[in-house]
>>> print(open('protein_0.cif').read())   # mmCIF, C-alpha atoms and all ligand atoms
data_data
#
loop_
_atom_site.label_atom_id
_atom_site.label_comp_id
_atom_site.auth_asym_id
_atom_site.auth_seq_id
_atom_site.Cartn_x
_atom_site.Cartn_y
_atom_site.Cartn_z
CA MET V 3 95.23 202.75 164.04
CA GLU V 4 97.26 201.22 161.23
CA THR V 5 101.02 201.06 161.32
CA SER V 6 102.96 202.23 158.28
CA THR V 7 104.56 199.68 155.98
CA ALA V 8 108.13 200.82 156.88
CA ARG V 9 109.33 198.36 154.33
CA LYS V 10 112.67 197.05 153.17
CA GLY V 11 111.43 194.95 150.23
CA LEU V 12 110.37 195.80 146.69
CA PHE V 13 106.77 195.83 145.44
CA ILE V 14 106.24 195.32 141.68
CA SER V 15 102.79 195.16 140.06
CA PHE V 16 101.72 194.18 136.56
CA GLU V 17 98.65 195.63 134.86
CA GLY V 18 96.86 195.47 131.53
CA SER V 19 93.76 194.02 129.95
CA GLU V 20 92.88 190.35 129.54
CA GLY V 21 95.48 188.32 127.64
CA CYS V 22 98.12 191.07 127.56
CA GLY V 23 100.78 188.69 128.92
CA LYS V 24 101.02 189.54 132.64
CA SER V 25 101.31 185.95 133.82
CA THR V 26 103.94 185.23 131.18
CA GLN V 27 106.07 188.23 132.18
CA ILE V 28 105.71 187.48 135.89
CA ARG V 29 106.94 183.95 135.27
CA LEU V 30 109.93 185.21 133.24
CA LEU V 31 110.78 187.87 135.84
CA ALA V 32 110.56 185.33 138.66
CA GLU V 33 112.94 183.06 136.73
CA ALA V 34 115.36 185.95 136.22
CA LEU V 35 115.20 186.84 139.94
CA GLY V 36 115.31 183.20 141.01
CA GLY V 37 117.83 183.51 143.84
CA ARG V 38 115.88 186.34 145.43
CA ASP V 39 112.85 184.09 145.95
CA PRO V 40 110.17 186.59 144.83
CA LEU V 41 106.68 186.24 146.28
CA LEU V 42 104.15 185.89 143.43
CA LEU V 43 100.56 187.00 144.05
CA ARG V 44 97.42 187.60 142.03
CA GLU V 45 94.37 189.78 142.45
CA PRO V 46 91.65 189.25 143.30
CA GLY V 47 92.79 186.46 145.60
CA GLY V 48 96.06 185.52 147.28
CA THR V 49 94.50 184.80 150.70
CA PRO V 50 91.90 182.18 151.68
CA ALA V 51 89.23 184.89 152.01
CA GLY V 52 90.41 186.58 148.81
CA GLU V 53 90.13 183.36 146.80
CA ILE V 54 86.47 183.02 147.87
CA ILE V 55 85.87 186.63 146.82
CA ARG V 56 87.60 185.85 143.50
CA HIS V 57 85.24 182.95 142.89
CA LEU V 58 82.21 185.14 143.62
CA LEU V 59 83.49 187.90 141.32
CA GLN V 60 84.43 185.66 138.42
CA HIS V 61 82.57 182.38 138.22
CA ALA V 62 79.84 181.95 140.85
CA PRO V 63 76.30 182.38 139.49
CA GLU V 64 75.56 184.38 142.66
CA GLY V 65 77.91 187.07 141.25
CA ASP V 66 75.87 187.60 138.10
CA ALA V 67 73.69 190.32 139.65
CA LEU V 68 76.52 192.23 141.36
CA THR V 69 76.17 196.00 141.02
CA PRO V 70 79.26 198.05 140.04
CA GLU V 71 79.41 199.42 143.60
CA ALA V 72 79.31 195.94 145.20
CA GLU V 73 81.89 194.72 142.68
CA LEU V 74 84.25 197.56 143.56
CA LEU V 75 83.90 196.88 147.30
CA LEU V 76 84.58 193.17 146.82
CA PHE V 77 87.79 193.85 144.87
CA ALA V 78 88.77 196.32 147.60
CA ALA V 79 87.98 193.81 150.36
CA SER V 80 90.17 191.15 148.74
CA ARG V 81 92.97 193.72 148.39
CA ALA V 82 92.67 195.02 151.96
CA GLN V 83 93.08 191.46 153.23
CA LEU V 84 96.00 190.70 150.89
CA VAL V 85 97.86 193.86 151.94
CA ARG V 86 97.60 193.18 155.67
CA GLU V 87 97.88 189.38 155.66
CA VAL V 88 100.57 188.94 153.02
CA ILE V 89 102.08 191.94 151.21
CA ARG V 90 102.92 194.22 154.10
CA PRO V 91 104.59 191.49 156.21
CA ALA V 92 106.56 190.30 153.17
CA LEU V 93 107.81 193.81 152.38
CA GLN V 94 108.73 194.38 156.01
CA ALA V 95 110.75 191.14 155.82
CA GLY V 96 112.63 192.54 152.81
CA ARG V 97 111.08 190.34 150.13
CA VAL V 98 110.41 191.12 146.47
CA VAL V 99 106.63 190.99 145.95
CA ILE V 100 105.27 190.65 142.40
CA CYS V 101 101.54 191.11 142.06
CA ASP V 102 99.41 190.26 139.01
CA ARG V 103 97.07 193.30 139.18
CA PHE V 104 96.67 195.69 142.12
CA LEU V 105 94.78 198.91 142.77
CA ASP V 106 95.19 200.29 139.21
CA SER V 107 92.83 197.51 138.02
CA THR V 108 90.10 198.98 140.23
CA THR V 109 90.83 202.53 139.06
CA VAL V 110 90.44 201.42 135.46
CA TYR V 111 87.88 198.55 135.43
CA GLN V 112 85.48 199.86 138.09
CA GLY V 113 86.32 203.57 137.87
CA VAL V 114 86.66 204.12 134.13
CA ALA V 115 84.93 201.16 132.46
CA ARG V 116 82.10 200.81 135.01
CA ARG V 117 81.94 204.61 135.37
CA ILE V 118 82.09 204.84 139.15
CA PRO V 119 83.14 208.43 139.96
CA PRO V 120 86.94 208.64 140.15
CA GLU V 121 86.93 210.33 143.56
CA GLU V 122 84.90 207.41 145.04
CA THR V 123 87.21 204.84 143.45
CA ALA V 124 90.30 206.68 144.71
CA ARG V 125 88.87 207.00 148.24
CA ILE V 126 88.05 203.28 148.49
CA ASN V 127 91.39 202.29 146.95
CA ALA V 128 93.22 204.44 149.51
CA PHE V 129 91.22 202.94 152.38
CA ALA V 130 92.00 199.41 151.14
CA VAL V 131 95.77 199.77 150.69
CA GLY V 132 96.82 202.57 153.07
CA ASP V 133 100.43 203.43 152.28
CA CYS V 134 101.12 200.09 150.61
CA LEU V 135 101.63 201.14 146.98
CA PRO V 136 103.76 199.47 144.29
CA ASP V 137 107.27 200.86 143.86
CA ILE V 138 106.98 200.22 140.14
CA THR V 139 104.15 199.08 137.87
CA PHE V 140 104.48 197.58 134.41
CA LEU V 141 101.52 198.24 132.11
CA LEU V 142 101.40 195.77 129.23
CA ASP V 143 99.55 197.62 126.50
CA LEU V 144 97.96 195.44 123.82
CA ASP V 145 95.24 195.93 121.22
CA ARG V 146 92.10 193.89 121.76
CA ALA V 147 92.33 191.92 118.50
CA THR V 148 95.77 190.57 119.34
CA ALA V 149 94.70 189.77 122.90
CA LEU V 150 91.65 187.86 121.68
CA ALA V 151 93.76 185.93 119.17
CA ARG V 152 96.16 184.97 121.97
CA LEU V 153 93.37 183.90 124.28
CA GLY V 154 91.97 181.79 121.45
CA GLY V 155 89.67 179.09 122.68
CA ARG V 156 89.17 180.60 126.10
CA SER V 157 85.82 182.17 125.07
CA GLN V 158 84.11 178.96 126.18
CA SER V 159 85.30 179.44 129.75
CA ALA V 160 85.16 183.27 129.87
CA ASP V 161 84.52 184.67 133.34
CA ARG V 162 81.95 187.36 134.22
CA ILE V 163 84.18 190.33 133.28
CA GLU V 164 85.65 188.63 130.20
CA ARG V 165 82.09 188.51 128.81
CA GLU V 166 81.88 192.34 128.77
CA SER V 167 81.45 194.39 125.55
CA GLU V 168 84.14 195.64 123.18
CA GLU V 169 83.33 199.21 124.39
CA PHE V 170 84.16 198.08 127.93
CA PHE V 171 87.62 196.81 126.90
CA ALA V 172 88.28 199.92 124.78
CA ALA V 173 87.58 201.97 127.93
CA VAL V 174 89.93 199.72 129.94
CA ARG V 175 92.80 200.22 127.50
CA ARG V 176 92.24 203.98 127.31
CA GLY V 177 91.86 204.19 131.10
CA TYR V 178 95.19 202.47 131.67
CA LEU V 179 97.03 204.73 129.22
CA ASP V 180 95.50 207.85 130.80
CA LEU V 181 96.50 206.62 134.26
CA ALA V 182 100.06 205.93 133.09
CA ALA V 183 100.25 209.44 131.66
CA ARG V 184 99.23 210.83 135.07
CA GLU V 185 101.75 208.70 136.99
CA PRO V 186 104.79 208.33 134.71
CA GLN V 187 107.20 208.02 137.63
CA ARG V 188 105.57 204.76 138.82
CA ILE V 189 103.92 203.25 135.73
CA ARG V 190 106.04 202.05 132.80
CA VAL V 191 104.12 201.34 129.59
CA LEU V 192 105.39 198.42 127.53
CA ASP V 193 104.42 197.35 124.02
CA ALA V 194 102.90 193.94 124.76
CA SER V 195 102.74 192.97 121.08
CA LEU V 196 106.51 192.36 121.07
CA PRO V 197 107.94 188.87 121.64
CA ALA V 198 107.74 187.83 125.29
CA GLU V 199 111.56 187.63 125.66
CA SER V 200 112.04 191.23 124.41
CA ILE V 201 109.47 192.51 126.90
CA ALA V 202 111.15 190.55 129.69
CA SER V 203 114.54 192.12 128.84
CA GLU V 204 112.97 195.57 128.87
CA ILE V 205 111.45 194.92 132.29
CA LEU V 206 114.79 193.84 133.72
CA ALA V 207 116.49 196.89 132.19
CA GLU V 208 113.82 199.22 133.67
CA LEU V 209 114.26 197.66 137.11
CA GLN V 210 118.03 198.06 136.91
CA GLN V 211 117.75 201.62 135.64
CA ALA V 212 115.40 202.49 138.49
CA GLY V 213 118.06 201.20 140.89
CA HIS V 214 116.02 198.25 142.14
CA PHE V 215 118.60 195.58 141.23
N1 LIG N 301 89.60 193.01 137.92
C1 LIG N 301 90.66 192.70 138.74
C2 LIG N 301 88.84 194.17 138.13
O1 LIG N 301 87.85 194.41 137.42
N2 LIG N 301 89.18 195.01 139.16
C3 LIG N 301 90.23 194.74 140.01
O2 LIG N 301 90.49 195.53 140.95
C4 LIG N 301 91.00 193.54 139.78
C5 LIG N 301 92.16 193.22 140.68
C6 LIG N 301 90.96 189.10 136.72
C7 LIG N 301 89.75 189.89 136.28
O3 LIG N 301 89.34 190.76 137.33
C8 LIG N 301 89.24 192.09 136.85
C9 LIG N 301 90.13 192.15 135.65
C10 LIG N 301 90.01 190.76 135.07
O4 LIG N 301 88.87 190.70 134.23
P1 LIG N 301 92.23 186.98 135.76
O5 LIG N 301 91.51 185.70 135.59
O6 LIG N 301 93.12 187.12 136.94
O7 LIG N 301 91.20 188.18 135.74
O8 LIG N 301 92.95 187.18 134.42
P2 LIG N 301 93.71 188.38 133.77
O9 LIG N 301 94.35 189.22 134.81
O10 LIG N 301 92.80 189.07 132.85
O11 LIG N 301 94.88 187.65 133.01
P3 LIG N 301 94.84 186.66 131.81
O12 LIG N 301 95.08 185.29 132.36
O13 LIG N 301 93.65 186.84 130.96
O14 LIG N 301 96.00 187.13 130.91
P4 LIG N 301 97.52 187.50 131.17
O15 LIG N 301 98.05 186.89 132.42
O16 LIG N 301 97.70 188.95 131.02
O17 LIG N 301 98.20 186.82 129.91
P5 LIG N 301 99.07 185.49 129.76
O18 LIG N 301 100.44 185.71 130.18
O19 LIG N 301 98.31 184.36 130.36
O20 LIG N 301 99.08 185.36 128.17
C11 LIG N 301 97.93 185.05 127.41
C12 LIG N 301 98.35 184.18 126.20
O21 LIG N 301 99.21 184.94 125.37
C13 LIG N 301 100.48 184.28 125.23
C14 LIG N 301 100.60 183.32 126.39
O22 LIG N 301 101.43 182.24 126.09
C15 LIG N 301 99.15 182.91 126.60
O23 LIG N 301 98.81 181.90 125.70
N3 LIG N 301 101.49 185.37 125.27
C16 LIG N 301 102.13 185.85 124.19
N4 LIG N 301 102.04 185.51 122.88
C17 LIG N 301 102.82 186.23 122.02
N5 LIG N 301 103.66 187.23 122.41
C18 LIG N 301 103.77 187.58 123.70
N6 LIG N 301 104.57 188.59 124.07
C19 LIG N 301 102.96 186.87 124.66
N7 LIG N 301 102.81 186.99 126.00
C20 LIG N 301 101.90 186.06 126.36
#
>>> encode(input="protein_0.cif", output="structure tokens")
Amino acid sequence: METSTARKGLFISFEGSEGCGKSTQIRLLAEALGGRDPLLLREPGGTPAGEIIRHLLQHAPEGDALTPEAELLLFAASRAQLVREVIRPALQAGRVVICDRFLDSTTVYQGVARRIPPEETARINAFAVGDCLPDITFLLDLDRATALARLGGRSQSADRIERESEEFFAAVRRGYLDLAAREPQRIRVLDASLPAESIASEILAELQQAGHF
């Protein structure tokens, strides 16, 4: 039987489609929180097993034939490991954990864009994370054209999901906005087309307003 997180720390996640600026904002937030020594993580990955799953999901030729169901379970497996090996102990120790993607990515990419029934996606997400949910999630909303322009030359090295269709990424953006509308108390939508420093200030203000700092 699993124990509850019973945590003292703070769990922040960042979401959004490719190139929306998550890594940039996480770096700026970590700089702003410097003295608090935030723990920075990314999904899939963040544990030795998770990094192998990440490679299979993104770059290994063996991943090319993955079905949507197998893909969902692999993301969930990486997350289940990350929660128990890293996130939960860190939160119990009172740390600030900042994660680049978490369960909302599965809800949107596998549930909405890959069209796996939402009740199946929600059930597997819940099994993977238990009660370990973000306290606050920042959704960086960006139109595809701007994201592609920012990512520029990366098309040469695009991973398996980055090679998906424009319809797929339209579904991702819509899926995120629908999810944020359903969970406004946790998910804050930010205009990711603004300059990085303005977005960073907004994030800090939101965290202060929510009483986290
Ligand atoms: N996935 C993941 C699922 O399908 N299901 C899941 O459950 C999970 C967890 C992970 C992939 O896995 C999928 C989703 C993804 O396809 P990844 O390699 O980890 O992919 O990469 P992404 O999460 O997609 O992140 P990216 O590296 O593509 O982009 P970021 O981190 O959002 O963007 P960032 O900060 O690197 O910025 C991109 C460029 O824009 C500039 C930056 O300098 C950089 O050059 N930039 C700005 N320019 C102007 N104004 C701003 N405000 C800017 N902010 C950043």
>>> closest_residue(input="protein_0.cif", among="V:Arg176, V:Arg44, V:Arg103, V:His61", to="Leu144 (chain V)", atoms="only C-alpha atoms")
V:Arg176
>>> residues_near_ligand(input="protein_0.cif", ligand="ligand LIG 301 (chain N)", cutoff="7 Å", atoms="all atoms listed in the file", output="NGL selection string")
:V and (18-27 or 44-46 or 77-78 or 102-108 or 111-112 or 152-153 or 163-164 or 194-198 or 201)
>>> closest_residue(input="protein_0.cif", among="V:Leu30, V:Val174, V:Cys101, V:Leu68", to="Ser15 (chain V)", atoms="all atoms listed in the file")
V:Cys101
>>> atom_distance(input="protein_0.cif", atom1="CA of Leu31 (chain V)", atom2="CA of Ala202 (chain V)")
6.7 Å
>>> closest_residue(input="protein_0.cif", among="V:Phe171, V:Tyr178, V:Phe13, V:Phe140", to="Ile205 (chain V)", atoms="all atoms listed in the file")
V:Phe140
>>> residues_around(input="protein_0.cif", residues="region 207-213 of chain V", least_positions_apart="6", cutoff="12 Å", atoms="only C-alpha atoms", output="list in words")
Leu12, Phe13, Ile14, Leu31, Ala34, Leu35, Asp137, Ile138, Thr139, Phe140, Gln187, Arg188, Ile189, Arg190, Val191, Leu192, Ser200 and Ile201 of chain V
>>> atom_distance(input="protein_0.cif", atom1="CA of Leu181 (chain V)", atom2="CA of Arg97 (chain V)")
27.0 Å
>>> residues_near_point(input="protein_0.cif", point="(87.6, 201.3, 150.0)", cutoff="6 Å", atoms="all atoms listed in the file", output="ChimeraX atom specification")
/V:78,126-127,129-130
>>> atom_distance(input="protein_0.cif", atom1="CA of Leu179 (chain V)", atom2="CA of Val110 (chain V)")
9.7 Å
>>> closest_residue(input="protein_0.cif", among="V:Arg56, V:Ala149, V:Ala115, V:Leu43", to="Ala79 (chain V)", atoms="only C-alpha atoms")
V:Arg56
>>> closest_residue(input="protein_0.cif", among="V:Gly113, V:Arg81, V:Ser159, V:Asp143", to="Ala51 (chain V)", atoms="only C-alpha atoms")
V:Arg81
>>> closest_residue(input="protein_0.cif", among="V:Glu87, V:Glu33, V:Asp180, V:Asp193", to="Thr148 (chain V)", atoms="all atoms listed in the file")
V:Asp193
>>> residues_around(input="protein_0.cif", residues="region 89-96 of chain V", least_positions_apart="4", cutoff="9 Å", atoms="all atoms listed in the file", output="PyMOL selection string")
chain V and resi 7-13+41+43+84-85+134
>>> decode(input="protein_0.cif", residues="region 46-59 of chain V", atoms="N, CA, C and O atoms", output="PDB file, in the first residue's frame")
ATOM      1  N   PRO V  46       9.623  13.058 -20.361  1.00  0.00           N
ATOM      2  CA  PRO V  46       9.975  11.851 -19.630  1.00  0.00           C
ATOM      3  C   PRO V  46      11.441  11.913 -19.223  1.00  0.00           C
ATOM      4  O   PRO V  46      12.229  12.606 -19.835  1.00  0.00           O
ATOM      5  N   GLY V  47      11.791  11.150 -18.181  1.00  0.00           N
ATOM      6  CA  GLY V  47      13.173  11.118 -17.726  1.00  0.00           C
ATOM      7  C   GLY V  47      13.300  11.443 -16.253  1.00  0.00           C
ATOM      8  O   GLY V  47      12.358  11.279 -15.488  1.00  0.00           O
ATOM      9  N   GLY V  48      14.486  11.910 -15.852  1.00  0.00           N
ATOM     10  CA  GLY V  48      14.712  12.333 -14.475  1.00  0.00           C
ATOM     11  C   GLY V  48      15.174  11.236 -13.527  1.00  0.00           C
ATOM     12  O   GLY V  48      15.532  11.523 -12.388  1.00  0.00           O
ATOM     13  N   THR V  49      15.143   9.982 -13.994  1.00  0.00           N
ATOM     14  CA  THR V  49      15.713   8.855 -13.240  1.00  0.00           C
ATOM     15  C   THR V  49      16.494   8.027 -14.258  1.00  0.00           C
ATOM     16  O   THR V  49      16.254   8.153 -15.470  1.00  0.00           O
ATOM     17  N   PRO V  50      17.392   7.149 -13.806  1.00  0.00           N
ATOM     18  CA  PRO V  50      18.117   6.324 -14.787  1.00  0.00           C
ATOM     19  C   PRO V  50      17.162   5.522 -15.666  1.00  0.00           C
ATOM     20  O   PRO V  50      17.311   5.488 -16.895  1.00  0.00           O
ATOM     21  N   ALA V  51      16.140   4.902 -15.068  1.00  0.00           N
ATOM     22  CA  ALA V  51      15.180   4.132 -15.876  1.00  0.00           C
ATOM     23  C   ALA V  51      14.389   5.061 -16.790  1.00  0.00           C
ATOM     24  O   ALA V  51      14.138   4.756 -17.966  1.00  0.00           O
ATOM     25  N   GLY V  52      13.999   6.215 -16.259  1.00  0.00           N
ATOM     26  CA  GLY V  52      13.213   7.172 -17.039  1.00  0.00           C
ATOM     27  C   GLY V  52      13.962   7.703 -18.244  1.00  0.00           C
ATOM     28  O   GLY V  52      13.378   7.957 -19.301  1.00  0.00           O
ATOM     29  N   GLU V  53      15.280   7.879 -18.109  1.00  0.00           N
ATOM     30  CA  GLU V  53      16.069   8.389 -19.245  1.00  0.00           C
ATOM     31  C   GLU V  53      16.139   7.344 -20.371  1.00  0.00           C
ATOM     32  O   GLU V  53      16.156   7.696 -21.554  1.00  0.00           O
ATOM     33  N   ILE V  54      16.139   6.053 -19.993  1.00  0.00           N
ATOM     34  CA  ILE V  54      16.124   5.009 -21.032  1.00  0.00           C
ATOM     35  C   ILE V  54      14.758   5.004 -21.727  1.00  0.00           C
ATOM     36  O   ILE V  54      14.663   4.904 -22.956  1.00  0.00           O
ATOM     37  N   ILE V  55      13.697   5.177 -20.938  1.00  0.00           N
ATOM     38  CA  ILE V  55      12.351   5.259 -21.532  1.00  0.00           C
ATOM     39  C   ILE V  55      12.281   6.478 -22.461  1.00  0.00           C
ATOM     40  O   ILE V  55      11.719   6.414 -23.551  1.00  0.00           O
ATOM     41  N   ARG V  56      12.868   7.587 -22.025  1.00  0.00           N
ATOM     42  CA  ARG V  56      12.868   8.807 -22.855  1.00  0.00           C
ATOM     43  C   ARG V  56      13.523   8.524 -24.213  1.00  0.00           C
ATOM     44  O   ARG V  56      12.998   8.909 -25.259  1.00  0.00           O
ATOM     45  N   HIS V  57      14.650   7.841 -24.166  1.00  0.00           N
ATOM     46  CA  HIS V  57      15.351   7.551 -25.421  1.00  0.00           C
ATOM     47  C   HIS V  57      14.469   6.690 -26.337  1.00  0.00           C
ATOM     48  O   HIS V  57      14.355   6.958 -27.541  1.00  0.00           O
ATOM     49  N   LEU V  58      13.827   5.692 -25.764  1.00  0.00           N
ATOM     50  CA  LEU V  58      12.946   4.833 -26.568  1.00  0.00           C
ATOM     51  C   LEU V  58      11.797   5.649 -27.161  1.00  0.00           C
ATOM     52  O   LEU V  58      11.462   5.511 -28.338  1.00  0.00           O
ATOM     53  N   LEU V  59      11.214   6.537 -26.362  1.00  0.00           N
ATOM     54  CA  LEU V  59      10.062   7.315 -26.831  1.00  0.00           C
ATOM     55  C   LEU V  59      10.443   8.351 -27.884  1.00  0.00           C
ATOM     56  O   LEU V  59       9.644   8.686 -28.753  1.00  0.00           O
TER      57      LEU V  59
END
